[in-house]
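Shown next: query34.pdb, containing PDB, C-alpha atoms.
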```
ATOM      1  CA  MET A   1      -0.601   8.589  32.059
ATOM      2  CA  GLU A   2       2.198   7.583  29.698
ATOM      3  CA  GLN A   3       1.231   7.888  26.045
ATOM      4  CA  ARG A   4       2.619   5.363  23.574
ATOM      5  CA  ASP A   5       2.951   6.465  19.971
ATOM      6  CA  GLU A   6       3.040   2.929  18.584
ATOM      7  CA  THR A   7       1.702  -0.538  19.367
ATOM      8  CA  ALA A   8       1.727  -3.752  17.328
ATOM      9  CA  SER A   9      -1.271  -2.559  15.281
ATOM     10  CA  LEU A  10      -1.579   1.214  15.842
ATOM     11  CA  ILE A  11       0.682   4.202  15.189
ATOM     12  CA  SER A  12       0.225   7.898  15.920
ATOM     13  CA  ALA A  13      -0.008  10.318  13.003
ATOM     14  CA  GLY A  14       2.997  12.166  14.403
ATOM     15  CA  LYS A  15       5.118   9.048  14.103
ATOM     16  CA  VAL A  16       3.886   8.334  10.534
ATOM     17  CA  GLN A  17       5.123  11.765   9.438
ATOM     18  CA  GLY A  18       8.730  11.470   8.378
ATOM     19  CA  THR A  19       8.555   7.723   7.759
ATOM     20  CA  ASN A  20      10.456   6.708   4.629
ATOM     21  CA  VAL A  21       8.649   5.416   1.546
ATOM     22  CA  TYR A  22      10.335   2.824  -0.674
ATOM     23  CA  ASN A  23       9.426   1.116  -3.924
ATOM     24  CA  THR A  24       9.392  -2.655  -4.259
ATOM     25  CA  GLN A  25      13.003  -2.563  -5.493
ATOM     26  CA  GLY A  26      14.074  -0.997  -2.182
ATOM     27  CA  ASP A  27      14.742   2.497  -3.593
ATOM     28  CA  ASN A  28      13.976   5.305  -1.149
ATOM     29  CA  LEU A  29      11.358   7.480  -2.881
ATOM     30  CA  GLY A  30      10.759  10.042  -0.154
ATOM     31  CA  GLU A  31       8.940  10.284   3.142
ATOM     32  CA  VAL A  32       5.451  10.773   4.490
ATOM     33  CA  TYR A  33       5.011  14.517   4.886
ATOM     34  CA  ASP A  34       1.424  14.408   6.142
ATOM     35  CA  VAL A  35      -1.710  12.279   6.217
ATOM     36  CA  MET A  36      -5.260  13.227   5.260
ATOM     37  CA  ILE A  37      -7.941  11.653   7.435
ATOM     38  CA  ASP A  38     -11.550  11.205   6.351
ATOM     39  CA  LYS A  39     -13.602  13.115   8.934
ATOM     40  CA  ARG A  40     -16.593  10.778   8.739
ATOM     41  CA  SER A  41     -14.938   7.354   8.720
ATOM     42  CA  GLY A  42     -11.851   8.301  10.724
ATOM     43  CA  LYS A  43      -9.710   6.347   8.245
ATOM     44  CA  ILE A  44      -6.602   7.704   6.572
ATOM     45  CA  ALA A  45      -7.491   8.576   2.983
ATOM     46  CA  TYR A  46      -4.118   9.806   1.682
ATOM     47  CA  ALA A  47      -0.479   9.974   2.566
ATOM     48  CA  VAL A  48       1.120  13.147   1.237
ATOM     49  CA  MET A  49       4.643  12.109   0.330
ATOM     50  CA  SER A  50       7.562  14.466  -0.178
ATOM     51  CA  PHE A  51       9.717  13.578  -3.169
ATOM     52  CA  GLY A  52      12.879  15.108  -4.552
ATOM     53  CA  GLY A  53      14.652  18.240  -3.508
ATOM     54  CA  PHE A  54      17.548  18.700  -1.143
ATOM     55  CA  LEU A  55      17.179  19.511   2.561
ATOM     56  CA  GLY A  56      13.484  20.250   2.036
ATOM     57  CA  MET A  57      14.104  22.665  -0.848
ATOM     58  CA  GLY A  58      12.443  21.938  -4.179
ATOM     59  CA  ASN A  59      10.360  19.070  -2.861
ATOM     60  CA  ASN A  60       7.322  17.909  -4.739
ATOM     61  CA  TYR A  61       4.431  16.441  -2.801
ATOM     62  CA  HIS A  62       2.401  13.520  -4.051
ATOM     63  CA  PRO A  63      -0.951  12.479  -2.632
ATOM     64  CA  LEU A  64      -0.923   8.683  -2.442
ATOM     65  CA  PRO A  65      -4.152   6.816  -1.700
ATOM     66  CA  TRP A  66      -3.449   5.200   1.651
ATOM     67  CA  ASN A  67      -4.264   1.732   0.316
ATOM     68  CA  THR A  68      -1.288   1.947  -2.090
ATOM     69  CA  LEU A  69       1.107   1.820   0.877
ATOM     70  CA  LYS A  70       2.113  -1.290   2.776
ATOM     71  CA  TYR A  71       4.221  -1.135   5.921
ATOM     72  CA  ASP A  72       7.419  -3.205   5.798
ATOM     73  CA  THR A  73       8.740  -3.976   9.267
ATOM     74  CA  ARG A  74      12.186  -4.937   7.916
ATOM     75  CA  GLN A  75      12.690  -1.528   6.289
ATOM     76  CA  GLU A  76      10.723   0.290   8.989
ATOM     77  CA  GLY A  77       8.989   2.190   6.231
ATOM     78  CA  TYR A  78       6.158   2.095   3.740
ATOM     79  CA  VAL A  79       6.428   0.384   0.370
ATOM     80  CA  VAL A  80       4.563   1.463  -2.750
ATOM     81  CA  GLY A  81       4.571  -0.367  -6.071
ATOM     82  CA  LEU A  82       5.899   2.522  -8.168
ATOM     83  CA  THR A  83       9.129   3.264  -9.937
ATOM     84  CA  LYS A  84      10.780   6.663  -9.538
ATOM     85  CA  GLU A  85       9.734   7.457 -13.121
ATOM     86  CA  GLN A  86       6.076   6.681 -12.393
ATOM     87  CA  LEU A  87       6.205   8.861  -9.308
ATOM     88  CA  GLU A  88       7.707  11.727 -11.300
ATOM     89  CA  ARG A  89       4.589  11.609 -13.541
ATOM     90  CA  ALA A  90       2.158  11.166 -10.652
ATOM     91  CA  PRO A  91      -0.284  13.840  -9.472
ATOM     92  CA  THR A  92       1.692  16.536  -7.669
ATOM     93  CA  ILE A  93       0.937  19.187  -5.079
ATOM     94  CA  ARG A  94       3.200  22.229  -5.309
ATOM     95  CA  ARG A  95       4.447  23.759  -2.072
ATOM     96  CA  ASP A  96       2.307  26.897  -2.629
ATOM     97  CA  GLU A  97      -0.775  25.020  -3.861
ATOM     98  CA  ASN A  98      -3.973  24.434  -1.946
ATOM     99  CA  PRO A  99      -5.141  20.979  -3.132
ATOM    100  CA  ALA A 100      -8.782  20.540  -4.083
ATOM    101  CA  TRP A 101      -9.519  18.023  -1.313
ATOM    102  CA  GLY A 102     -13.197  17.181  -1.359
ATOM    103  CA  ASP A 103     -13.528  17.808  -5.119
ATOM    104  CA  ARG A 104     -14.644  14.470  -6.535
ATOM    105  CA  ASN A 105     -12.961  15.012  -9.922
ATOM    106  CA  TYR A 106      -9.642  15.966  -8.296
ATOM    107  CA  GLU A 107      -9.615  12.955  -6.008
ATOM    108  CA  GLN A 108     -10.820  10.615  -8.773
ATOM    109  CA  GLY A 109      -7.875  11.745 -10.915
ATOM    110  CA  ILE A 110      -5.494  10.746  -8.130
ATOM    111  CA  HIS A 111      -7.065   7.306  -7.755
ATOM    112  CA  ASP A 112      -7.224   6.771 -11.523
ATOM    113  CA  TYR A 113      -3.498   7.431 -11.884
ATOM    114  CA  TYR A 114      -2.534   4.830  -9.313
ATOM    115  CA  LYS A 115      -4.993   2.248 -10.633
ATOM    116  CA  ALA A 116      -3.464   2.621 -14.109
ATOM    117  CA  ALA A 117       0.139   2.303 -12.858
ATOM    118  CA  PRO A 118       1.342  -1.181 -13.839
ATOM    119  CA  TYR A 119       3.171  -1.749 -10.544
ATOM    120  CA  TRP A 120       0.340  -0.528  -8.354
ATOM    121  CA  ALA A 121       0.557  -2.266  -4.953
TER     122      ALA A 121
END
```

Output the file's structure as structure tokens, nothing else.
Amino acid sequence: MEQRDETASLISAGKVQGTNVYNTQGDNLGEVYDVMIDKRSGKIAYAVMSFGGFLGMGNNYHPLPWNTLKYDTRQEGYVVGLTKEQLERAPTIRRDENPAWGDRNYEQGIHDYYKAAPYWA
């Protein structure tokens, strides 16, 4: 059986990883490093986006609530309504950090940041 990694409405997680993320001005902000899937609903809860660095060194990772991303077929990437400056201030996951997934306060802080951002998509 041949497996397709993308259809008109579905995409495999492996193909989402590495997809570029842009802001509404068309600036490349980074790429999807990973996705976090809710075990109960099966829906993607967060995209973990890499940002900054050079050749993977010095990257910061930002957990973006999945609903902040919109796929743009023209750019073949995701668009988020944030400036680079807003992203620099956004919640960050360090390379050596184990995020507190499942901690309500931690996750609420992530959502609160993006709700307060004036260009939130």

Using only C-alpha atoms, determine which residues lie at most 9 Å from Thr83 (chain A), disregarding the query and same-chain residues fewer than 6 positions distant; provide the list as a PyMOL selection string.
-> chain A and resi 23-25+27+29+119

If the PyMOL selection byres ((chain A and resi 98-102) around 12) is run on the structure shown, which residues does it catch, given as a ChimeraX atom specification?
-> /A:36-39,45-46,48,61-63,91-97,103-110

Specify as a tab-separated table (two decimals) with C-alpha atoms, in the coordinates of the input each residue included when the PyMOL selection byres ((chain A and resi 30) around 7) is applied to this file.
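See out02.tsv below for the written result:
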```tsv
chain	number	residue	atom	x	y	z
A	20	ASN	CA	10.46	6.71	4.63
A	21	VAL	CA	8.65	5.42	1.55
A	28	ASN	CA	13.98	5.30	-1.15
A	29	LEU	CA	11.36	7.48	-2.88
A	31	GLU	CA	8.94	10.28	3.14
A	49	MET	CA	4.64	12.11	0.33
A	50	SER	CA	7.56	14.47	-0.18
A	51	PHE	CA	9.72	13.58	-3.17
```

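Rounded to one decimal, CA of Leu64 (chain A) and CA of Asp5 (chain A) lie 22.9 Å from each other.
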
In terms of the shortest atom-to-atom distance over all atoms listed in the file, which of A:Thr68, A:Gly42, A:Glu88, A:Tyr78 is closest to Val16 (chain A)?
-> A:Tyr78

Box for region 69-73 of chain A: with edges along x, y and z, all listed atoms inside and 4 Å added on each side, what are the centre and edge lengths in Å to one decimal, as lines of an AutoDock Vina configuration file?
```
center_x = 4.9
center_y = -1.1
center_z = 5.1
size_x = 15.6
size_y = 13.8
size_z = 16.4
```

Given the file shown, determine the residues that the PyMOL selection byres ((chain A and resi 70) around 10) selects; report them as a list in words.
->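 That selection, the PyMOL selection byres ((chain A and resi 70) around 10), comes back as Val21, Tyr22, Trp66, Asn67, Thr68, Leu69, Tyr71, Asp72, Thr73, Gly77, Tyr78, Val79, Val80, Gly81 and Ala121 of chain A.
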
Give me, please, the distance in Å between CA of Glu76 (chain A) and CA of Tyr113 (chain A), quoted to one decimal.
->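 One can read the CA of Glu76 (chain A) to CA of Tyr113 (chain A) distance as 26.2 Å.
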
Atomic separation - CA of Tyr33 (chain A) relative to CA of Glu85 (chain A), Å =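 That distance, rounded to one decimal, is 19.9 Å.
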
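In this comparison, which uses only C-alpha atoms, the residue of A:Gln75, A:Asn60, A:Gln86, A:Ser12 approaching Ile44 (chain A) most closely is A:Ser12.
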
Using only C-alpha atoms, which residue out of A:Ala90, A:Ala116, A:Ala13, A:Ala47 lies closest to Val32 (chain A)?
->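 When distances to Val32 (chain A) are compared using only C-alpha atoms, the smallest one comes from A:Ala47.
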